[in-house]
Amino acid sequence: MAGPNLSGPWHVAVSYAPQGVRMATRAVVTISGDPQGGAQGGVVGGVVTRIDTLTAALEATYVVARGGRPRVERPRMDGSLTDYRVAVGGAPAAVPAGLSLPRPFSATDSGGAGLGFRVPAEGSACTDPAFSVLQGLHEAWIPLPDTLVMGREWSDTVRTVSCRDRVPLRGVSVRRFRVVRGELQDGRVVVMIERRAKGQVAGSGDQFGERVELDGSSSGTVLYALDASSGRLLRAAGTSLVELRFKSRRRNQRVRQDSELSLAWKL
């Protein structure tokens with residue numbers, strides 16, 4: 001009698017069942033060059049620094065809409081942002097000001113360019129916090145080939161739009177995926193997929209009446225667990241690094257954000 005298939009190939013089905021996902025992020029944010037200093041700040045080499053901790057939790061439900069020709073038409077994700085809370089330092093977690101929940105959303109797989117959000121509209125990034133919050137769902141949406149084999153690699157390019165301190169930001173990140181192994185977990189075959197990403201971000205705008213320019217880079221690694229029989233993701237965990245530079249007439253500032261990320265899908 002044949003045992004569980006832990007070496008592949010694995011044929012991945014498209015799942016049209018409703019899904020829920022919870023994403024948790026814990027970040028340490030280090031700001032240098034800020035003349036304001038801070039409660040946890042200090043002077044290092046003549047440069048004022050401030051260190052903050054930030055936690056965020058996102059919950060969403062969604063379904064992949066059926067197309068007339070599976071894997072030919074670009075799939076659409078329709079869903080609802082049901083909860084999002086942020087805490088800075090030791091403060092209680094709270095919904096950001098201006099964010100109304102639950103919030104419906106709709107996004108289309110852009111064919112190798114990540115999700116393209118139609119609802120809410122891209123132009124609302126700096127007026128409606130929902131758009132920036134929903135950019136996190138790129139972590140929950142990964143392209144999957146029809147068949148997975150050990151060592152197989154593929155990639156996509158994700159384009160994001162967000163807003164930071166009233167400055168609109170556009171990012172581009174290249175994600176590279178690789179099948180690393182098959183495992184037997186709770187009686188089912190789980191395929192482990194590694195994702196490595198590198199990206200750039202840039203933006204400019206007016207902040208408190210002053211012109212501000214921003215640029216930076218990002219990198220990160222996430223390991224996904226995929227149920228081979230259903231084609232549904234089960235969980236993921238990883239780390240990321242974002243380094244940003246703010247420039248204006250009166251000040252220069254550097255921001256480094258080291259984050260730990262975890263995702264869990266509700267089956």
# chains A, B, ... in the order shown; residues from 1 in each chain; ligands from 1

call {"tool": "select_by_dssp", "arguments": {"residues": "range 38-244 of chain A", "states": "strand (DSSP E or B)", "output": "ChimeraX atom specification"}}
result
/A:42-44,47-65,76-88,94,103-109,115-119,147-148,153-164,167-185,188-207,210-227,232-244

call {"tool": "residues_around", "arguments": {"residues": "Gln200 in chain A", "least_positions_apart": "5", "cutoff": "10 Å", "atoms": "only C-alpha atoms", "output": "list in words"}}
result
Arg159, Arg170, Gly171, Val172, Ser173, Val174, Asp215, Gly216, Ser217, Ser218, Ser219, Val242, Glu243 and Leu244 of chain A

call {"tool": "closest_atom_pairs", "arguments": {"of": "range 145-199 of chain A", "to": "range 11-34 of chain A", "cutoff": "7 Å", "atoms": "only C-alpha atoms", "output": "Markdown table"}}
result
| residue | atom | partner | partner_atom | distance |
| --- | --- | --- | --- | --- |
| A:Asp146 | CA | A:Val12 | CA | 5.3 |
| A:Thr147 | CA | A:His11 | CA | 4.5 |
| A:Leu148 | CA | A:His11 | CA | 6.4 |

call {"tool": "write_last_selection", "arguments": {"atoms": "C-alpha atoms", "output": "compact mmCIF listing (two decimals), in the first residue's frame"}}
result
# COMPACT_ATOMS: atom_id res chain seq x y z
CA ASP A 146 -0.83 23.86 -11.50
CA THR A 147 1.78 21.33 -10.37
CA LEU A 148 4.39 21.60 -7.62

call {"tool": "closest_atom_pairs", "arguments": {"of": "range 104-198 of chain A", "to": "range 92-98 of chain A", "cutoff": "12 Å", "atoms": "only C-alpha atoms", "output": "Markdown table"}}
result
| residue | atom | partner | partner_atom | distance |
| --- | --- | --- | --- | --- |
| A:Cys126 | CA | A:Gly98 | CA | 11.1 |
| A:Thr127 | CA | A:Gly98 | CA | 8.8 |
| A:Asp128 | CA | A:Gly98 | CA | 7.0 |
| A:Pro129 | CA | A:Gly98 | CA | 6.7 |
| A:Ala130 | CA | A:Gly98 | CA | 8.6 |
| A:Phe131 | CA | A:Gly98 | CA | 11.7 |
| A:Ser132 | CA | A:Pro96 | CA | 11.5 |
| A:Val133 | CA | A:Pro96 | CA | 9.9 |

call {"tool": "decode", "arguments": {"residues": "range 115-181 of chain A", "atoms": "C-alpha atoms", "output": "mmCIF file, in the first residue's frame"}}
result
data_model
loop_
_atom_site.group_PDB
_atom_site.id
_atom_site.type_symbol
_atom_site.label_atom_id
_atom_site.label_comp_id
_atom_site.auth_asym_id
_atom_site.auth_seq_id
_atom_site.Cartn_x
_atom_site.Cartn_y
_atom_site.Cartn_z
ATOM 1 C CA LEU A 115 -3.446 42.074 -6.418
ATOM 2 C CA GLY A 116 -4.993 45.101 -8.096
ATOM 3 C CA PHE A 117 -7.538 46.599 -5.703
ATOM 4 C CA ARG A 118 -10.693 48.043 -7.247
ATOM 5 C CA VAL A 119 -12.591 48.585 -3.983
ATOM 6 C CA PRO A 120 -11.496 50.715 -2.186
ATOM 7 C CA ALA A 121 -10.077 52.885 -4.949
ATOM 8 C CA GLU A 122 -6.323 53.427 -5.235
ATOM 9 C CA GLY A 123 -6.742 57.207 -5.130
ATOM 10 C CA SER A 124 -8.006 56.994 -1.547
ATOM 11 C CA ALA A 125 -4.679 55.818 -0.098
ATOM 12 C CA CYS A 126 -4.058 59.020 1.891
ATOM 13 C CA THR A 127 -7.696 59.831 2.687
ATOM 14 C CA ASP A 128 -9.056 56.391 3.612
ATOM 15 C CA PRO A 129 -6.868 54.183 5.861
ATOM 16 C CA ALA A 130 -8.591 51.048 4.559
ATOM 17 C CA PHE A 131 -6.627 51.065 1.305
ATOM 18 C CA SER A 132 -3.222 51.114 3.009
ATOM 19 C CA VAL A 133 -4.326 48.469 5.528
ATOM 20 C CA LEU A 134 -5.498 46.125 2.776
ATOM 21 C CA GLN A 135 -2.075 46.177 1.105
ATOM 22 C CA GLY A 136 -1.109 43.631 3.767
ATOM 23 C CA LEU A 137 -3.269 41.045 2.000
ATOM 24 C CA HIS A 138 -0.555 40.672 -0.630
ATOM 25 C CA GLU A 139 1.087 38.393 1.945
ATOM 26 C CA ALA A 140 -2.013 36.172 1.932
ATOM 27 C CA TRP A 141 -2.216 35.909 -1.857
ATOM 28 C CA ILE A 142 0.518 33.954 -3.629
ATOM 29 C CA PRO A 143 0.508 32.566 -7.181
ATOM 30 C CA LEU A 144 0.570 28.782 -7.421
ATOM 31 C CA PRO A 145 1.493 26.696 -10.480
ATOM 32 C CA ASP A 146 -0.835 23.861 -11.496
ATOM 33 C CA THR A 147 1.783 21.334 -10.370
ATOM 34 C CA LEU A 148 4.386 21.597 -7.623
ATOM 35 C CA VAL A 149 7.588 19.564 -7.561
ATOM 36 C CA MET A 150 10.474 19.606 -5.130
ATOM 37 C CA GLY A 151 12.771 22.554 -5.856
ATOM 38 C CA ARG A 152 10.428 24.228 -8.345
ATOM 39 C CA GLU A 153 10.857 28.009 -8.489
ATOM 40 C CA TRP A 154 8.670 30.819 -9.803
ATOM 41 C CA SER A 155 8.235 34.544 -9.166
ATOM 42 C CA ASP A 156 5.912 37.521 -9.389
ATOM 43 C CA THR A 157 6.141 41.296 -8.985
ATOM 44 C CA VAL A 158 3.926 43.078 -6.455
ATOM 45 C CA ARG A 159 3.096 46.772 -6.813
ATOM 46 C CA THR A 160 1.712 48.539 -3.762
ATOM 47 C CA VAL A 161 0.302 51.977 -2.977
ATOM 48 C CA SER A 162 0.136 53.182 0.609
ATOM 49 C CA CYS A 163 0.396 56.326 2.704
ATOM 50 C CA ARG A 164 2.840 57.146 5.502
ATOM 51 C CA ASP A 165 2.541 60.368 7.475
ATOM 52 C CA ARG A 166 0.413 61.890 4.682
ATOM 53 C CA VAL A 167 2.983 61.031 2.001
ATOM 54 C CA PRO A 168 1.771 58.657 -0.774
ATOM 55 C CA LEU A 169 4.187 55.790 -1.390
ATOM 56 C CA ARG A 170 4.563 53.445 -4.328
ATOM 57 C CA GLY A 171 6.420 50.205 -3.890
ATOM 58 C CA VAL A 172 7.648 47.445 -6.185
ATOM 59 C CA SER A 173 8.694 44.072 -4.791
ATOM 60 C CA VAL A 174 9.937 40.989 -6.622
ATOM 61 C CA ARG A 175 8.894 37.795 -4.842
ATOM 62 C CA ARG A 176 10.637 34.499 -5.551
ATOM 63 C CA PHE A 177 9.025 31.226 -4.482
ATOM 64 C CA ARG A 178 10.555 27.774 -4.073
ATOM 65 C CA VAL A 179 9.118 24.416 -3.003
ATOM 66 C CA VAL A 180 11.366 23.239 -0.163
ATOM 67 C CA ARG A 181 9.772 20.013 1.139
#
